[in-house]
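> Next comes coords.cif, mmCIF, C-alpha atoms and all ligand atoms:
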```
data_run
#
loop_
_atom_site.group_PDB
_atom_site.id
_atom_site.type_symbol
_atom_site.label_atom_id
_atom_site.label_comp_id
_atom_site.auth_asym_id
_atom_site.auth_seq_id
_atom_site.Cartn_x
_atom_site.Cartn_y
_atom_site.Cartn_z
ATOM 1 C CA MET P 165 159.684 -219.381 86.816
ATOM 2 C CA ASN P 166 162.390 -218.168 89.195
ATOM 3 C CA TYR P 167 162.925 -221.176 91.424
ATOM 4 C CA MET P 168 165.265 -219.536 93.933
ATOM 5 C CA ASP P 169 162.675 -216.802 94.671
ATOM 6 C CA LYS P 170 160.645 -219.528 96.374
ATOM 7 C CA PHE P 171 163.215 -219.596 99.184
ATOM 8 C CA SER P 172 162.859 -215.869 99.874
ATOM 9 C CA LEU P 173 161.291 -214.827 103.177
ATOM 10 C CA ASN P 174 161.200 -211.140 102.292
ATOM 11 C CA ASP P 175 158.906 -209.216 104.666
ATOM 12 C CA LYS P 176 157.618 -212.398 106.328
ATOM 13 C CA VAL P 177 157.148 -212.320 110.095
ATOM 14 C CA ALA P 178 158.685 -215.219 112.037
ATOM 15 C CA ILE P 179 158.654 -216.208 115.707
ATOM 16 C CA VAL P 180 161.451 -218.457 116.995
ATOM 17 C CA THR P 181 160.946 -219.805 120.529
ATOM 18 C CA GLY P 182 164.184 -220.612 122.307
ATOM 19 C CA GLY P 183 165.681 -218.219 119.752
ATOM 20 C CA ALA P 184 168.654 -217.325 121.966
ATOM 21 C CA GLY P 185 169.922 -220.932 122.280
ATOM 22 C CA ILE P 186 172.732 -222.831 120.547
ATOM 23 C CA LEU P 187 170.611 -223.634 117.486
ATOM 24 C CA GLY P 188 168.147 -220.758 117.926
ATOM 25 C CA VAL P 189 170.800 -218.097 117.251
ATOM 26 C CA HIS P 190 171.513 -219.643 113.834
ATOM 27 C CA PHE P 191 167.820 -220.174 113.101
ATOM 28 C CA CYS P 192 167.075 -216.474 113.810
ATOM 29 C CA LYS P 193 170.030 -215.214 111.756
ATOM 30 C CA GLY P 194 169.160 -217.550 108.869
ATOM 31 C CA LEU P 195 165.550 -216.362 108.750
ATOM 32 C CA ALA P 196 166.692 -212.717 108.877
ATOM 33 C CA GLU P 197 169.231 -213.290 106.118
ATOM 34 C CA ALA P 198 166.425 -214.723 103.983
ATOM 35 C CA GLY P 199 164.554 -211.441 104.577
ATOM 36 C CA ALA P 200 162.215 -212.209 107.491
ATOM 37 C CA ASN P 201 161.429 -209.977 110.463
ATOM 38 C CA VAL P 202 162.208 -212.194 113.430
ATOM 39 C CA ILE P 203 160.824 -212.296 116.952
ATOM 40 C CA VAL P 204 163.460 -213.832 119.216
ATOM 41 C CA ALA P 205 161.149 -215.306 121.871
ATOM 42 C CA ASP P 206 163.092 -216.643 124.844
ATOM 43 C CA ILE P 207 162.965 -216.953 128.621
ATOM 44 C CA ASN P 208 166.470 -215.434 128.594
ATOM 45 C CA LEU P 209 165.565 -211.884 127.535
ATOM 46 C CA GLU P 210 169.096 -210.542 127.906
ATOM 47 C CA LYS P 211 170.543 -213.029 125.398
ATOM 48 C CA ALA P 212 167.556 -212.500 123.087
ATOM 49 C CA GLU P 213 168.121 -208.721 123.123
ATOM 50 C CA ILE P 214 171.819 -209.059 122.302
ATOM 51 C CA LEU P 215 170.947 -211.300 119.345
ATOM 52 C CA ALA P 216 168.197 -208.955 118.100
ATOM 53 C CA GLU P 217 170.684 -206.049 118.153
ATOM 54 C CA GLU P 218 173.200 -208.073 116.140
ATOM 55 C CA ILE P 219 170.545 -209.035 113.579
ATOM 56 C CA ASN P 220 169.361 -205.426 113.225
ATOM 57 C CA ARG P 221 172.950 -204.359 112.608
ATOM 58 C CA ASP P 222 174.092 -207.099 110.242
ATOM 59 C CA TYR P 223 171.134 -208.708 108.481
ATOM 60 C CA ARG P 224 168.512 -207.846 105.875
ATOM 61 C CA GLY P 225 165.450 -208.624 108.013
ATOM 62 C CA SER P 226 164.843 -206.932 111.363
ATOM 63 C CA ALA P 227 164.519 -208.539 114.808
ATOM 64 C CA LYS P 228 162.866 -207.885 118.153
ATOM 65 C CA ALA P 229 163.416 -209.722 121.418
ATOM 66 C CA ILE P 230 160.343 -210.630 123.440
ATOM 67 C CA PHE P 231 160.355 -212.446 126.786
ATOM 68 C CA CYS P 232 158.435 -215.704 126.604
ATOM 69 C CA ASP P 233 158.166 -218.629 128.997
ATOM 70 C CA VAL P 234 156.538 -221.313 126.842
ATOM 71 C CA THR P 235 155.299 -223.152 129.958
ATOM 72 C CA SER P 236 153.049 -220.202 130.899
ATOM 73 C CA GLU P 237 149.959 -219.681 128.748
ATOM 74 C CA GLN P 238 149.741 -216.039 129.884
ATOM 75 C CA SER P 239 153.335 -215.420 128.813
ATOM 76 C CA VAL P 240 152.670 -217.052 125.412
ATOM 77 C CA VAL P 241 149.522 -214.948 124.883
ATOM 78 C CA THR P 242 151.461 -211.763 125.718
ATOM 79 C CA MET P 243 154.326 -212.687 123.342
ATOM 80 C CA VAL P 244 151.910 -213.453 120.490
ATOM 81 C CA SER P 245 149.920 -210.251 120.948
ATOM 82 C CA LYS P 246 153.121 -208.140 121.141
ATOM 83 C CA THR P 247 154.279 -209.750 117.871
ATOM 84 C CA VAL P 248 151.022 -208.823 116.151
ATOM 85 C CA GLU P 249 151.279 -205.322 117.634
ATOM 86 C CA TYR P 250 154.801 -204.891 116.167
ATOM 87 C CA PHE P 251 154.392 -206.550 112.792
ATOM 88 C CA GLY P 252 150.634 -206.961 112.177
ATOM 89 C CA ARG P 253 150.820 -210.660 111.285
ATOM 90 C CA ILE P 254 152.655 -213.965 111.807
ATOM 91 C CA ASP P 255 153.762 -216.020 108.782
ATOM 92 C CA ILE P 256 156.225 -218.433 110.372
ATOM 93 C CA LEU P 257 156.366 -220.066 113.790
ATOM 94 C CA HIS P 258 159.442 -222.042 114.723
ATOM 95 C CA ASN P 259 158.421 -223.962 117.841
ATOM 96 C CA ASN P 260 161.956 -224.674 119.009
ATOM 97 C CA ALA P 261 162.304 -224.080 122.767
ATOM 98 C CA ALA P 262 163.138 -227.077 124.909
ATOM 99 C CA GLY P 263 165.414 -227.624 127.829
ATOM 100 C CA LYS P 264 166.942 -229.584 130.614
ATOM 101 C CA SER P 265 165.952 -228.981 134.201
ATOM 102 C CA SER P 266 168.106 -226.770 136.396
ATOM 103 C CA ASP P 267 168.791 -229.843 138.570
ATOM 104 C CA LEU P 268 170.950 -232.041 136.327
ATOM 105 C CA GLU P 269 171.089 -234.832 138.966
ATOM 106 C CA LEU P 270 167.318 -235.223 138.609
ATOM 107 C CA PHE P 271 167.349 -234.711 134.828
ATOM 108 C CA PHE P 272 169.989 -237.389 134.176
ATOM 109 C CA ALA P 273 168.748 -239.842 136.877
ATOM 110 C CA PRO P 274 168.445 -243.520 135.866
ATOM 111 C CA PHE P 275 164.997 -244.517 134.563
ATOM 112 C CA GLU P 276 164.326 -246.785 137.561
ATOM 113 C CA ASP P 277 164.777 -243.820 139.939
ATOM 114 C CA TYR P 278 163.238 -241.085 137.763
ATOM 115 C CA GLU P 279 161.022 -238.664 139.705
ATOM 116 C CA LEU P 280 157.521 -238.101 138.348
ATOM 117 C CA SER P 281 157.838 -234.386 139.166
ATOM 118 C CA GLN P 282 160.966 -234.203 136.935
ATOM 119 C CA TRP P 283 159.181 -236.129 134.172
ATOM 120 C CA ASN P 284 156.262 -233.665 134.328
ATOM 121 C CA GLU P 285 158.568 -230.618 134.386
ATOM 122 C CA ILE P 286 160.379 -231.683 131.197
ATOM 123 C CA MET P 287 157.155 -232.701 129.445
ATOM 124 C CA ASN P 288 155.721 -229.310 130.376
ATOM 125 C CA MET P 289 158.659 -227.475 128.793
ATOM 126 C CA ASN P 290 159.326 -229.671 125.731
ATOM 127 C CA LEU P 291 155.821 -230.610 124.590
ATOM 128 C CA ASP P 292 153.115 -228.687 126.489
ATOM 129 C CA GLY P 293 155.013 -225.506 125.591
ATOM 130 C CA MET P 294 154.802 -226.323 121.865
ATOM 131 C CA PHE P 295 151.059 -226.982 122.257
ATOM 132 C CA LEU P 296 150.536 -223.566 123.889
ATOM 133 C CA VAL P 297 152.535 -221.595 121.314
ATOM 134 C CA ALA P 298 150.988 -223.466 118.349
ATOM 135 C CA LYS P 299 147.518 -222.917 119.829
ATOM 136 C CA HIS P 300 147.867 -219.134 120.061
ATOM 137 C CA VAL P 301 149.859 -218.573 116.868
ATOM 138 C CA GLY P 302 147.599 -220.975 114.942
ATOM 139 C CA LYS P 303 144.594 -218.832 115.865
ATOM 140 C CA ILE P 304 146.253 -215.812 114.202
ATOM 141 C CA MET P 305 147.401 -217.790 111.126
ATOM 142 C CA LYS P 306 143.938 -219.306 110.665
ATOM 143 C CA ALA P 307 142.423 -215.822 110.465
ATOM 144 C CA GLN P 308 144.975 -214.758 107.794
ATOM 145 C CA VAL P 309 144.152 -215.343 104.111
ATOM 146 C CA GLU P 310 147.730 -216.569 103.510
ATOM 147 C CA GLY P 311 147.772 -219.065 106.412
ATOM 148 C CA GLY P 312 151.322 -219.770 107.571
ATOM 149 C CA SER P 313 154.118 -222.253 108.143
ATOM 150 C CA ILE P 314 154.861 -223.899 111.494
ATOM 151 C CA ILE P 315 158.090 -225.809 112.082
ATOM 152 C CA GLN P 316 158.707 -227.756 115.308
ATOM 153 C CA THR P 317 162.107 -228.970 116.503
ATOM 154 C CA ALA P 318 162.197 -232.602 117.623
ATOM 155 C CA SER P 319 165.334 -234.762 118.013
ATOM 156 C CA ILE P 320 166.679 -238.050 116.709
ATOM 157 C CA TYR P 321 165.860 -239.420 120.168
ATOM 158 C CA GLY P 322 162.186 -238.768 119.384
ATOM 159 C CA ILE P 323 162.422 -241.343 116.583
ATOM 160 C CA LEU P 324 165.292 -243.629 117.689
ATOM 161 C CA GLY P 325 166.277 -245.238 120.981
ATOM 162 C CA PRO P 326 169.631 -244.074 122.358
ATOM 163 C CA ASP P 327 172.708 -246.272 122.064
ATOM 164 C CA ASN P 328 173.794 -245.955 125.684
ATOM 165 C CA ARG P 329 177.316 -247.195 124.871
ATOM 166 C CA ILE P 330 178.205 -243.725 123.507
ATOM 167 C CA TYR P 331 177.857 -242.177 126.976
ATOM 168 C CA LYS P 332 180.785 -244.183 128.386
ATOM 169 C CA GLU P 333 183.427 -241.610 129.411
ATOM 170 C CA SER P 334 181.110 -238.818 128.208
ATOM 171 C CA HIS P 335 181.433 -235.405 129.773
ATOM 172 C CA TYR P 336 179.237 -232.378 129.065
ATOM 173 C CA LEU P 337 177.755 -229.598 131.203
ATOM 174 C CA GLY P 338 180.303 -230.499 133.864
ATOM 175 C CA ARG P 339 179.181 -234.112 134.283
ATOM 176 C CA GLN P 340 178.454 -237.546 132.822
ATOM 177 C CA ILE P 341 175.374 -237.447 130.606
ATOM 178 C CA ASN P 342 172.759 -239.694 129.002
ATOM 179 C CA THR P 343 169.491 -239.270 127.112
ATOM 180 C CA PRO P 344 166.640 -239.496 129.649
ATOM 181 C CA ALA P 345 163.442 -241.290 128.572
ATOM 182 C CA ILE P 346 161.411 -238.120 129.069
ATOM 183 C CA TYR P 347 163.524 -236.343 126.436
ATOM 184 C CA SER P 348 162.767 -239.123 123.912
ATOM 185 C CA VAL P 349 159.095 -239.265 124.843
ATOM 186 C CA SER P 350 158.578 -235.499 124.701
ATOM 187 C CA LYS P 351 160.306 -235.312 121.300
ATOM 188 C CA GLY P 352 158.269 -238.271 119.986
ATOM 189 C CA GLY P 353 155.249 -236.230 121.059
ATOM 190 C CA VAL P 354 156.503 -233.270 119.017
ATOM 191 C CA VAL P 355 156.532 -235.434 115.857
ATOM 192 C CA ALA P 356 152.987 -236.621 116.638
ATOM 193 C CA LEU P 357 151.778 -233.062 117.297
ATOM 194 C CA THR P 358 153.202 -232.002 113.930
ATOM 195 C CA ARG P 359 151.328 -234.749 112.084
ATOM 196 C CA TYR P 360 148.105 -233.975 113.916
ATOM 197 C CA LEU P 361 148.262 -230.236 113.241
ATOM 198 C CA ALA P 362 149.322 -230.781 109.602
ATOM 199 C CA THR P 363 146.035 -232.494 108.749
ATOM 200 C CA TYR P 364 143.981 -230.384 111.153
ATOM 201 C CA TRP P 365 145.081 -227.024 109.750
ATOM 202 C CA ALA P 366 145.687 -228.015 106.096
ATOM 203 C CA PRO P 367 142.280 -226.616 105.016
ATOM 204 C CA ASP P 368 143.317 -223.262 106.541
ATOM 205 C CA GLY P 369 146.531 -223.012 104.509
ATOM 206 C CA ILE P 370 148.756 -223.679 107.525
ATOM 207 C CA ARG P 371 151.572 -226.150 106.870
ATOM 208 C CA VAL P 372 153.160 -227.903 109.859
ATOM 209 C CA ASN P 373 156.471 -229.783 109.676
ATOM 210 C CA THR P 374 159.183 -231.110 111.979
ATOM 211 C CA ILE P 375 162.950 -230.625 111.892
ATOM 212 C CA THR P 376 164.768 -233.492 113.589
ATOM 213 C CA PRO P 377 168.374 -232.542 114.396
ATOM 214 C CA GLY P 378 171.035 -235.079 115.176
ATOM 215 C CA GLY P 379 173.644 -234.335 117.843
ATOM 216 C CA VAL P 380 175.297 -230.936 117.488
ATOM 217 C CA GLU P 381 178.861 -230.376 118.640
ATOM 218 C CA SER P 382 178.743 -227.815 121.441
ATOM 219 C CA GLY P 383 181.469 -228.423 123.994
ATOM 220 C CA GLN P 384 181.158 -232.169 124.650
ATOM 221 C CA ASN P 385 184.411 -233.920 125.585
ATOM 222 C CA ALA P 386 186.561 -235.701 122.980
ATOM 223 C CA GLU P 387 185.455 -239.210 124.071
ATOM 224 C CA PHE P 388 181.805 -238.366 123.563
ATOM 225 C CA ILE P 389 182.401 -236.661 120.207
ATOM 226 C CA ASN P 390 184.388 -239.685 119.084
ATOM 227 C CA ASN P 391 181.820 -242.232 120.334
ATOM 228 C CA TYR P 392 178.981 -240.297 118.710
ATOM 229 C CA SER P 393 180.790 -239.721 115.421
ATOM 230 C CA ASN P 394 181.589 -243.432 115.085
ATOM 231 C CA ARG P 395 177.870 -244.147 114.810
ATOM 232 C CA ILE P 396 177.232 -241.552 112.079
ATOM 233 C CA PRO P 397 177.539 -242.377 108.358
ATOM 234 C CA LEU P 398 178.995 -238.874 107.746
ATOM 235 C CA GLN P 399 181.369 -239.637 110.657
ATOM 236 C CA ARG P 400 180.980 -236.450 112.665
ATOM 237 C CA MET P 401 178.588 -234.458 114.823
ATOM 238 C CA ALA P 402 176.519 -231.672 113.227
ATOM 239 C CA ARG P 403 177.499 -228.019 113.264
ATOM 240 C CA ALA P 404 174.668 -225.799 114.565
ATOM 241 C CA GLU P 405 174.482 -223.798 111.327
ATOM 242 C CA GLU P 406 173.816 -226.996 109.340
ATOM 243 C CA MET P 407 170.210 -227.011 110.616
ATOM 244 C CA VAL P 408 169.354 -223.671 109.002
ATOM 245 C CA GLY P 409 168.852 -224.816 105.390
ATOM 246 C CA ALA P 410 166.119 -227.209 106.524
ATOM 247 C CA LEU P 411 164.347 -224.408 108.379
ATOM 248 C CA ILE P 412 164.414 -221.972 105.457
ATOM 249 C CA TYR P 413 163.123 -224.686 103.132
ATOM 250 C CA LEU P 414 160.222 -225.572 105.448
ATOM 251 C CA ALA P 415 159.427 -221.939 106.306
ATOM 252 C CA SER P 416 159.344 -220.755 102.703
ATOM 253 C CA ASP P 417 157.247 -221.363 99.581
ATOM 254 C CA ALA P 418 159.999 -223.728 98.390
ATOM 255 C CA SER P 419 158.117 -226.352 100.446
ATOM 256 C CA SER P 420 154.592 -225.182 99.515
ATOM 257 C CA TYR P 421 153.422 -228.783 98.905
ATOM 258 C CA VAL P 422 155.084 -230.232 102.031
ATOM 259 C CA THR P 423 153.162 -230.697 105.272
ATOM 260 C CA GLY P 424 153.280 -233.263 108.085
ATOM 261 C CA HIS P 425 156.869 -234.068 107.108
ATOM 262 C CA ASN P 426 159.781 -234.817 109.419
ATOM 263 C CA LEU P 427 162.999 -233.482 107.881
ATOM 264 C CA ILE P 428 165.796 -235.420 109.589
ATOM 265 C CA VAL P 429 169.193 -233.682 109.657
ATOM 266 C CA ASP P 430 171.321 -236.344 111.308
ATOM 267 C CA GLY P 431 174.328 -237.135 109.096
ATOM 268 C CA GLY P 432 172.612 -240.366 108.074
ATOM 269 C CA LEU P 433 172.195 -241.909 111.552
ATOM 270 C CA ASN P 434 168.661 -243.151 110.864
ATOM 271 C CA ALA P 435 169.734 -244.739 107.559
ATOM 272 C CA TRP P 436 171.820 -247.595 108.997
HETATM 273 N N1 LIG Y 501 171.765 -229.147 120.342
HETATM 274 C C1 LIG Y 501 171.503 -230.393 119.947
HETATM 275 O O1 LIG Y 501 172.401 -231.254 119.835
HETATM 276 C C2 LIG Y 501 170.092 -230.798 119.626
HETATM 277 C C3 LIG Y 501 169.879 -232.058 119.048
HETATM 278 C C4 LIG Y 501 168.584 -232.453 118.762
HETATM 279 C C5 LIG Y 501 167.538 -231.605 119.038
HETATM 280 N N2 LIG Y 501 167.770 -230.389 119.608
HETATM 281 C C6 LIG Y 501 166.610 -229.525 119.861
HETATM 282 O O2 LIG Y 501 166.828 -228.286 119.217
HETATM 283 C C7 LIG Y 501 166.183 -227.249 119.944
HETATM 284 C C8 LIG Y 501 167.169 -226.165 120.277
HETATM 285 O O3 LIG Y 501 168.218 -226.757 121.026
HETATM 286 P P1 LIG Y 501 169.501 -225.943 121.501
HETATM 287 O O4 LIG Y 501 170.639 -226.876 121.424
HETATM 288 O O5 LIG Y 501 169.578 -224.632 120.806
HETATM 289 O O6 LIG Y 501 169.139 -225.759 123.042
HETATM 290 P P2 LIG Y 501 169.637 -224.616 124.037
HETATM 291 O O7 LIG Y 501 169.456 -225.183 125.405
HETATM 292 O O8 LIG Y 501 170.959 -224.080 123.635
HETATM 293 O O9 LIG Y 501 168.564 -223.459 123.804
HETATM 294 C C9 LIG Y 501 167.270 -223.510 124.281
HETATM 295 C C10 LIG Y 501 166.746 -222.099 124.392
HETATM 296 O O10 LIG Y 501 165.415 -222.177 124.902
HETATM 297 C C11 LIG Y 501 165.283 -221.225 125.941
HETATM 298 N N3 LIG Y 501 164.269 -221.729 126.872
HETATM 299 C C12 LIG Y 501 164.416 -222.668 127.843
HETATM 300 N N4 LIG Y 501 163.256 -222.829 128.499
HETATM 301 C C13 LIG Y 501 162.379 -221.970 127.933
HETATM 302 C C14 LIG Y 501 161.030 -221.651 128.190
HETATM 303 N N5 LIG Y 501 160.359 -222.233 129.187
HETATM 304 N N6 LIG Y 501 160.413 -220.727 127.422
HETATM 305 C C15 LIG Y 501 161.098 -220.110 126.421
HETATM 306 N N7 LIG Y 501 162.386 -220.359 126.141
HETATM 307 C C16 LIG Y 501 163.013 -221.265 126.889
HETATM 308 C C17 LIG Y 501 166.662 -221.122 126.578
HETATM 309 O O11 LIG Y 501 166.821 -219.879 127.255
HETATM 310 C C18 LIG Y 501 167.568 -221.252 125.365
HETATM 311 O O12 LIG Y 501 167.841 -219.982 124.794
HETATM 312 C C19 LIG Y 501 165.564 -227.922 121.169
HETATM 313 O O13 LIG Y 501 164.219 -228.246 120.898
HETATM 314 C C20 LIG Y 501 166.394 -229.177 121.325
HETATM 315 O O14 LIG Y 501 165.710 -230.205 122.012
HETATM 316 C C21 LIG Y 501 169.026 -229.964 119.896
#
```
Translate this file's structure into structure tokens.

Amino acid sequence: MNYMDKFSLNDKVAIVTGGAGILGVHFCKGLAEAGANVIVADINLEKAEILAEEINRDYRGSAKAIFCDVTSEQSVVTMVSKTVEYFGRIDILHNNAAGKSSDLELFFAPFEDYELSQWNEIMNMNLDGMFLVAKHVGKIMKAQVEGGSIIQTASIYGILGPDNRIYKESHYLGRQINTPAIYSVSKGGVVALTRYLATYWAPDGIRVNTITPGGVESGQNAEFINNYSNRIPLQRMARAEEMVGALIYLASDASSYVTGHNLIVDGGLNAW
């Protein structure tokens, strides 16, 4: 038995939604380094194309950028059929895209004033989008003898309430921030969708798992980083690349007996 071979993704085909984002870039590079051919599926095609070029130059696996707006079923269908056209199959789906709204005043509004339209917009992007991509990729995986592996990105705020004290003096994205309820609720829904699909598709050889990242350092101000780090057993925020090991494990045969799991990468926050 060669145990490390189980982590290889040689010649596997992987889709990463939101692949051009802060975490997505590392997820795509990690999959390509493990040998996979990666579809960088993102609403920001320009960034996705730059990343695909870099992967094709520097990594073992190849990459292609495909435009995808996960909130549009037509766009998802087109992205999935282009992937099959390019590579003939889909072994791995990383359902990872999520976002804030373009209007940060509305996104960070207090719960008592939260607009229903904003709530629906974020739910549409963070959870309905994962439903649409899983639906169309799952159809392809179900028809394959080998099935596939689906990984969905949630967040610690999908499993824990926020400690609002850490946002005192916080500054990020040019303003004071918080964790809106809709972010928590949509991410809690991601964990539930994973569990549902894990049992639903198990007979078809499709495994479905969640990665739950803790807060990643990405330009927050010193007060926020300090407040956040004080609550973490490992005493610091995560680095984006620290999420990649969990993805490769869940995507590969190393986790062949793991489905419906939530792999929490949070520096120990949920262990207190
Ligand atoms: N960064 C963190 O601290 C953190 C912590 C916990 C969970 N997460 C989760 O990890 C995942 C990745 O986060 P990130 O920090 O890389 O976010 P990010 O905002 O840097 O990247 C998100 C990517 O998704 C793309 N995107 C946005 N809307 C889209 C749409 N409708 N269709 C397709 N693509 C779209 C964006 O263009 C961007 O490239 C998200 O699900 C996020 O909720 C992040």
> Using all atoms of ligand LIG 501 (chain Y) that appear in the file, construct an axis-aligned enclosing box with 6 Å of padding on every side and provide its centre coordinates and edge lengths in Å, rounded to one decimal, as JSON.

```
{"center_x": 166.4, "center_y": -226.2, "center_z": 124.0, "size_x": 24.0, "size_y": 24.6, "size_z": 22.4}
```
> Please identify the residues whose atoms come within 6 Å of ligand LIG 501 (chain Y), using all atoms listed in the file, and report them as number ranges by chain.
P: 181-188, 206-208, 232-235, 260-263, 289, 317-319, 377-380
> Work out how far apart CA of Glu237 in chain P and CA of Ile304 in chain P are and give it in Å to one decimal.
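Going from CA of Glu237 in chain P over to CA of Ile304 in chain P covers 15.5 Å.
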> Pick from P:His335, P:Lys170, P:Lys193, P:Arg359: nearest to Phe388 in chain P, with all atoms listed in the file counted?
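When distances to Phe388 in chain P are compared using all atoms listed in the file, the smallest one comes from P:His335.
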> Run the PyMOL selection byres (((chain P and resi 223-229) around 12) and not hetatm) against the file shown and list the residues it catches, as a ChimeraX atom specification.
/P:172-184,189,192-222,230-232,243,246-247,249-251
> With a cut-off of 12 Å, could you pull out the residues of range 276-376 of chain P touching range 398-420 of chain P and give me the nearest pair of atoms for each, distance in Å to one decimal, using only C-alpha atoms, ordered by chain and ascending number, as CSV?

```
residue,atom,partner,partner_atom,distance
P:Glu310,CA,P:Asp417,CA,11.4
P:Gly311,CA,P:Ser420,CA,11.5
P:Gly312,CA,P:Ala415,CA,8.5
P:Ser313,CA,P:Ala415,CA,5.6
P:Ile314,CA,P:Ala415,CA,7.2
P:Ile315,CA,P:Leu414,CA,7.0
P:Gln316,CA,P:Leu411,CA,9.5
P:Thr317,CA,P:Leu411,CA,9.6
P:Ser319,CA,P:Met407,CA,11.8
P:Ala366,CA,P:Ser420,CA,11.4
P:Gly369,CA,P:Ser420,CA,9.7
P:Ile370,CA,P:Ser420,CA,10.0
P:Arg371,CA,P:Ser420,CA,8.0
P:Val372,CA,P:Leu414,CA,8.6
P:Asn373,CA,P:Leu414,CA,7.0
P:Thr374,CA,P:Leu414,CA,8.6
P:Ile375,CA,P:Ala410,CA,7.1
P:Thr376,CA,P:Met407,CA,9.0
```
> To test your reading of the syntax: which residues would the PyMOL selection byres (((chain P and resi 325) around 12) and not hetatm) return for the file shown? Reply as an mmCIF file with C-alpha atoms, keeping the file's coordinate frame.

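Final output, saved to selection_39.cif:
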```cif
data_model
loop_
_atom_site.group_PDB
_atom_site.id
_atom_site.type_symbol
_atom_site.label_atom_id
_atom_site.label_comp_id
_atom_site.auth_asym_id
_atom_site.auth_seq_id
_atom_site.Cartn_x
_atom_site.Cartn_y
_atom_site.Cartn_z
ATOM 1 C CA SER P 319 165.334 -234.762 118.013
ATOM 2 C CA ILE P 320 166.679 -238.050 116.709
ATOM 3 C CA TYR P 321 165.860 -239.420 120.168
ATOM 4 C CA GLY P 322 162.186 -238.768 119.384
ATOM 5 C CA ILE P 323 162.422 -241.343 116.583
ATOM 6 C CA LEU P 324 165.292 -243.629 117.689
ATOM 7 C CA PRO P 326 169.631 -244.074 122.358
ATOM 8 C CA ASP P 327 172.708 -246.272 122.064
ATOM 9 C CA ASN P 328 173.794 -245.955 125.684
ATOM 10 C CA ARG P 329 177.316 -247.195 124.871
ATOM 11 C CA ASN P 342 172.759 -239.694 129.002
ATOM 12 C CA THR P 343 169.491 -239.270 127.112
ATOM 13 C CA PRO P 344 166.640 -239.496 129.649
ATOM 14 C CA ALA P 345 163.442 -241.290 128.572
ATOM 15 C CA ILE P 346 161.411 -238.120 129.069
ATOM 16 C CA TYR P 347 163.524 -236.343 126.436
ATOM 17 C CA SER P 348 162.767 -239.123 123.912
ATOM 18 C CA VAL P 349 159.095 -239.265 124.843
ATOM 19 C CA LYS P 351 160.306 -235.312 121.300
ATOM 20 C CA GLY P 352 158.269 -238.271 119.986
ATOM 21 C CA LEU P 433 172.195 -241.909 111.552
ATOM 22 C CA ASN P 434 168.661 -243.151 110.864
#
```
> Considering all atoms listed in the file, return as a ChimeraX atom specification whatever protein or nucleic-acid residues lie within 10 Å of Ala435 in chain P, sequence-local ones (same chain, fewer than 2 positions apart) excluded.
/P:396-397,430-433
> List the residues selected by the PyMOL selection byres (((chain P and resi 360) around 12) and not hetatm) in the file shown, writing them as a ChimeraX atom specification.
/P:295,298,353-359,361-366,371-374,423-425
> Enter the distance from CA of Glu276 in chain P to CA of Trp436 in chain P, in Å, rounded to one decimal.
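Result for CA of Glu276 in chain P versus CA of Trp436 in chain P: 29.5 Å, one decimal.
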> Kindly give the distance, in Å, that separates CA of Asp267 in chain P and CA of Val297 in chain P, rounded to a single decimal.
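So the answer is 25.1 Å.
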> With only C-alpha atoms as the counted atoms, please give the residues lying no more than 9 Å from Val301 in chain P, apart from itself and same-chain residues fewer than 3 positions off, as a list in words.
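Returned residues: Val241, Val244, Ile254, Leu257, Leu296, Val297, Ala298, Ile304, Met305 and Lys306 of chain P.
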> Show me, as JSON, numbers by chain, the residues that have an atom within 8 Å of Asn391 in chain P when counting all atoms listed in the file, minus same-chain residues fewer than 3 positions from it.
{"P": [330, 331, 387, 388, 394, 395]}
